[in-house]
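**Student:** Okay, here's the structure, questions in a sec.
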Amino acid sequence: LHEKYPHFTFTPVLSAPEGQTGRATGLVAEVAAAGAETFAGHIAYLAGPPAMVEQAAAFLLAKGLAPADLLADAFYGDAEMKARLAASS
(Lines give C-alpha, C1' and ligand atoms only; values in the text may rest on other atoms or scores of the structure.)
Protein backbone atom coordinates (compact mmCIF):
# COMPACT_ATOMS: atom_id res chain seq x y z
CA LEU A 1 0.00 0.00 0.00
CA HIS A 2 2.81 2.39 0.80
CA GLU A 3 4.07 2.29 -2.80
CA LYS A 4 0.64 3.20 -4.15
CA TYR A 5 -0.24 5.62 -1.31
CA PRO A 6 2.99 7.09 0.07
CA HIS A 7 1.19 9.08 2.79
CA PHE A 8 -0.65 6.00 4.11
CA THR A 9 0.37 4.75 7.53
CA PHE A 10 -0.89 1.83 9.56
CA THR A 11 -0.06 1.56 13.23
CA PRO A 12 -1.44 -1.43 15.12
CA VAL A 13 -1.88 -0.65 18.80
CA LEU A 14 -2.13 -3.29 21.52
CA SER A 15 -3.98 -2.12 24.63
CA ALA A 16 -2.84 -4.98 26.84
CA PRO A 17 -0.06 -7.04 25.25
CA GLU A 18 1.03 -10.29 26.80
CA GLY A 19 4.80 -10.06 27.08
CA GLN A 20 7.27 -8.01 25.07
CA THR A 21 6.17 -6.56 21.74
CA GLY A 22 7.66 -4.29 19.13
CA ARG A 23 4.27 -2.72 18.50
CA ALA A 24 2.72 0.42 19.93
CA THR A 25 0.92 -0.14 23.22
CA GLY A 26 -1.70 1.76 25.21
CA LEU A 27 -4.81 3.56 24.05
CA VAL A 28 -5.16 4.33 20.34
CA ALA A 29 -5.78 8.02 20.96
CA GLU A 30 -2.65 8.28 23.13
CA VAL A 31 -0.51 6.70 20.41
CA ALA A 32 -2.05 9.01 17.79
CA ALA A 33 -1.45 12.05 19.99
CA ALA A 34 2.26 11.30 20.01
CA GLY A 35 2.35 11.45 16.22
CA ALA A 36 0.38 14.56 15.28
CA GLU A 37 -0.80 17.86 16.72
CA THR A 38 -3.82 18.06 14.42
CA PHE A 39 -5.78 15.62 12.33
CA ALA A 40 -7.25 18.20 9.96
CA GLY A 41 -6.86 16.93 6.41
CA HIS A 42 -6.40 13.30 7.50
CA ILE A 43 -8.70 10.33 7.01
CA ALA A 44 -9.12 7.88 9.89
CA TYR A 45 -10.45 4.34 9.87
CA LEU A 46 -11.11 2.84 13.29
CA ALA A 47 -12.04 -0.76 13.98
CA GLY A 48 -12.30 -2.53 17.30
CA PRO A 49 -14.31 -2.69 20.52
CA PRO A 50 -17.03 -0.04 20.80
CA ALA A 51 -15.42 1.79 23.76
CA MET A 52 -12.12 2.10 21.89
CA VAL A 53 -13.79 3.32 18.69
CA GLU A 54 -15.87 5.90 20.57
CA GLN A 55 -12.92 7.19 22.63
CA ALA A 56 -10.57 7.44 19.65
CA ALA A 57 -13.24 9.06 17.45
CA ALA A 58 -13.95 11.74 20.07
CA PHE A 59 -10.23 12.45 20.40
CA LEU A 60 -9.62 12.69 16.64
CA LEU A 61 -12.63 14.96 16.08
CA ALA A 62 -11.48 17.23 18.92
CA LYS A 63 -8.06 17.42 17.24
CA GLY A 64 -9.52 18.71 13.95
CA LEU A 65 -10.53 15.60 12.01
CA ALA A 66 -13.57 16.36 9.84
CA PRO A 67 -16.55 14.12 10.67
CA ALA A 68 -16.78 13.09 7.01
CA ASP A 69 -13.19 11.80 7.22
CA LEU A 70 -13.92 9.41 10.08
CA LEU A 71 -14.84 5.85 9.17
CA ALA A 72 -15.44 3.33 11.93
CA ASP A 73 -16.53 -0.23 12.62
CA ALA A 74 -17.27 -1.20 16.21
CA PHE A 75 -17.03 -4.94 16.84
CA TYR A 76 -19.59 -6.14 19.36
CA GLY A 77 -19.16 -9.43 21.20
CA ASP A 78 -22.03 -11.90 21.35
CA ALA A 79 -23.30 -10.69 24.74
CA GLU A 80 -23.11 -7.03 23.68
CA MET A 81 -24.98 -7.71 20.47
CA LYS A 82 -27.76 -9.62 22.27
CA ALA A 83 -28.13 -6.76 24.77
CA ARG A 84 -28.30 -4.17 22.00
CA LEU A 85 -30.89 -6.17 20.07
CA ALA A 86 -32.98 -6.71 23.22
CA ALA A 87 -32.86 -2.98 24.03
CA SER A 88 -34.05 -2.06 20.55
CA SER A 89 -37.03 -4.44 20.64
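FYI, nothing fancy with the C-alpha coordinates labels: chains A, B, ... in order, residues from 1 per chain, ligands from 1 as they appear.
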Pick out the residues sitting within 10 Å of A:Ala51, and hand them over as a ChimeraX atom specification; count only C-alpha atoms, and ignore anything fewer than 6 positions along from it in its own chain.

**Tutor:** /A:57,74-76

**Student:** Residues of stretch 26-46 of chain A that have any atom at most 8 Å from an atom of stretch 4-17 of chain A: could you tabulate them with the shortest-distance atom pair and the distance in Å to one decimal, using only C-alpha atoms, ordered by chain and increasing number, as a tab-separated table?

**Tutor:**
residue	atom	partner	partner_atom	distance
A:Gly26	CA	A:Ser15	CA	4.5
A:Leu27	CA	A:Ser15	CA	5.8
A:Val28	CA	A:Val13	CA	6.2
A:Val31	CA	A:Val13	CA	7.7

**Student:** If I take atom CA of A:Ala62 and atom CA of A:Thr38, how far is one from the other in Å, to one decimal?

**Tutor:**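 Atom CA of A:Ala62 sits 8.9 Å away from atom CA of A:Thr38.
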
**Student:** Residues of stretch 11-51 of chain A in helix (DSSP H, G or I) according to DSSP, as a list in words?

**Tutor:** Val28, Ala29, Glu30, Val31, Ala32, Ala33, Ala34, Gly35, Pro50 and Ala51 of chain A

**Student:** Please run DSSP on the backbone and report, as an mmCIF file with N, CA and C atoms, in the first residue's frame, all residues within chain A that come out as strand (DSSP E or B).

**Tutor:**
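Written out: selection.cif:
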data_model
loop_
_atom_site.group_PDB
_atom_site.id
_atom_site.type_symbol
_atom_site.label_atom_id
_atom_site.label_comp_id
_atom_site.auth_asym_id
_atom_site.auth_seq_id
_atom_site.Cartn_x
_atom_site.Cartn_y
_atom_site.Cartn_z
ATOM 1 N N VAL A 13 -2.085 -1.012 17.404
ATOM 2 C CA VAL A 13 -1.877 -0.650 18.803
ATOM 3 C C VAL A 13 -2.477 -1.751 19.680
ATOM 4 N N LEU A 14 -1.679 -2.258 20.583
ATOM 5 C CA LEU A 14 -2.135 -3.287 21.518
ATOM 6 C C LEU A 14 -2.409 -2.635 22.870
ATOM 7 N N ALA A 24 3.174 -0.645 19.035
ATOM 8 C CA ALA A 24 2.725 0.423 19.926
ATOM 9 C C ALA A 24 1.757 -0.169 20.944
ATOM 10 N N THR A 25 1.802 0.362 22.170
ATOM 11 C CA THR A 25 0.915 -0.140 23.219
ATOM 12 C C THR A 25 0.222 1.030 23.910
ATOM 13 N N ALA A 44 -9.346 8.902 8.866
ATOM 14 C CA ALA A 44 -9.120 7.882 9.886
ATOM 15 C C ALA A 44 -10.111 6.743 9.715
ATOM 16 N N TYR A 45 -9.607 5.530 9.848
ATOM 17 C CA TYR A 45 -10.452 4.339 9.869
ATOM 18 C C TYR A 45 -10.186 3.621 11.180
ATOM 19 N N LEU A 46 -11.222 3.488 11.992
ATOM 20 C CA LEU A 46 -11.106 2.836 13.287
ATOM 21 C C LEU A 46 -11.901 1.550 13.281
ATOM 22 N N ALA A 47 -11.340 0.508 13.858
ATOM 23 C CA ALA A 47 -12.042 -0.761 13.978
ATOM 24 C C ALA A 47 -11.628 -1.408 15.286
ATOM 25 N N GLY A 48 -12.606 -1.879 16.041
ATOM 26 C CA GLY A 48 -12.302 -2.535 17.301
ATOM 27 C C GLY A 48 -13.485 -2.488 18.240
ATOM 28 N N LEU A 70 -13.993 10.442 9.057
ATOM 29 C CA LEU A 70 -13.916 9.409 10.081
ATOM 30 C C LEU A 70 -14.772 8.225 9.668
ATOM 31 N N LEU A 71 -14.153 7.091 9.501
ATOM 32 C CA LEU A 71 -14.843 5.850 9.173
ATOM 33 C C LEU A 71 -14.589 4.889 10.325
ATOM 34 N N ALA A 72 -15.630 4.188 10.774
ATOM 35 C CA ALA A 72 -15.439 3.331 11.932
ATOM 36 C C ALA A 72 -16.338 2.108 11.897
ATOM 37 N N ASP A 73 -15.795 1.008 12.413
ATOM 38 C CA ASP A 73 -16.533 -0.234 12.617
ATOM 39 C C ASP A 73 -16.307 -0.657 14.056
ATOM 40 N N ALA A 74 -17.370 -0.719 14.830
ATOM 41 C CA ALA A 74 -17.268 -1.203 16.205
ATOM 42 C C ALA A 74 -17.639 -2.681 16.204
#
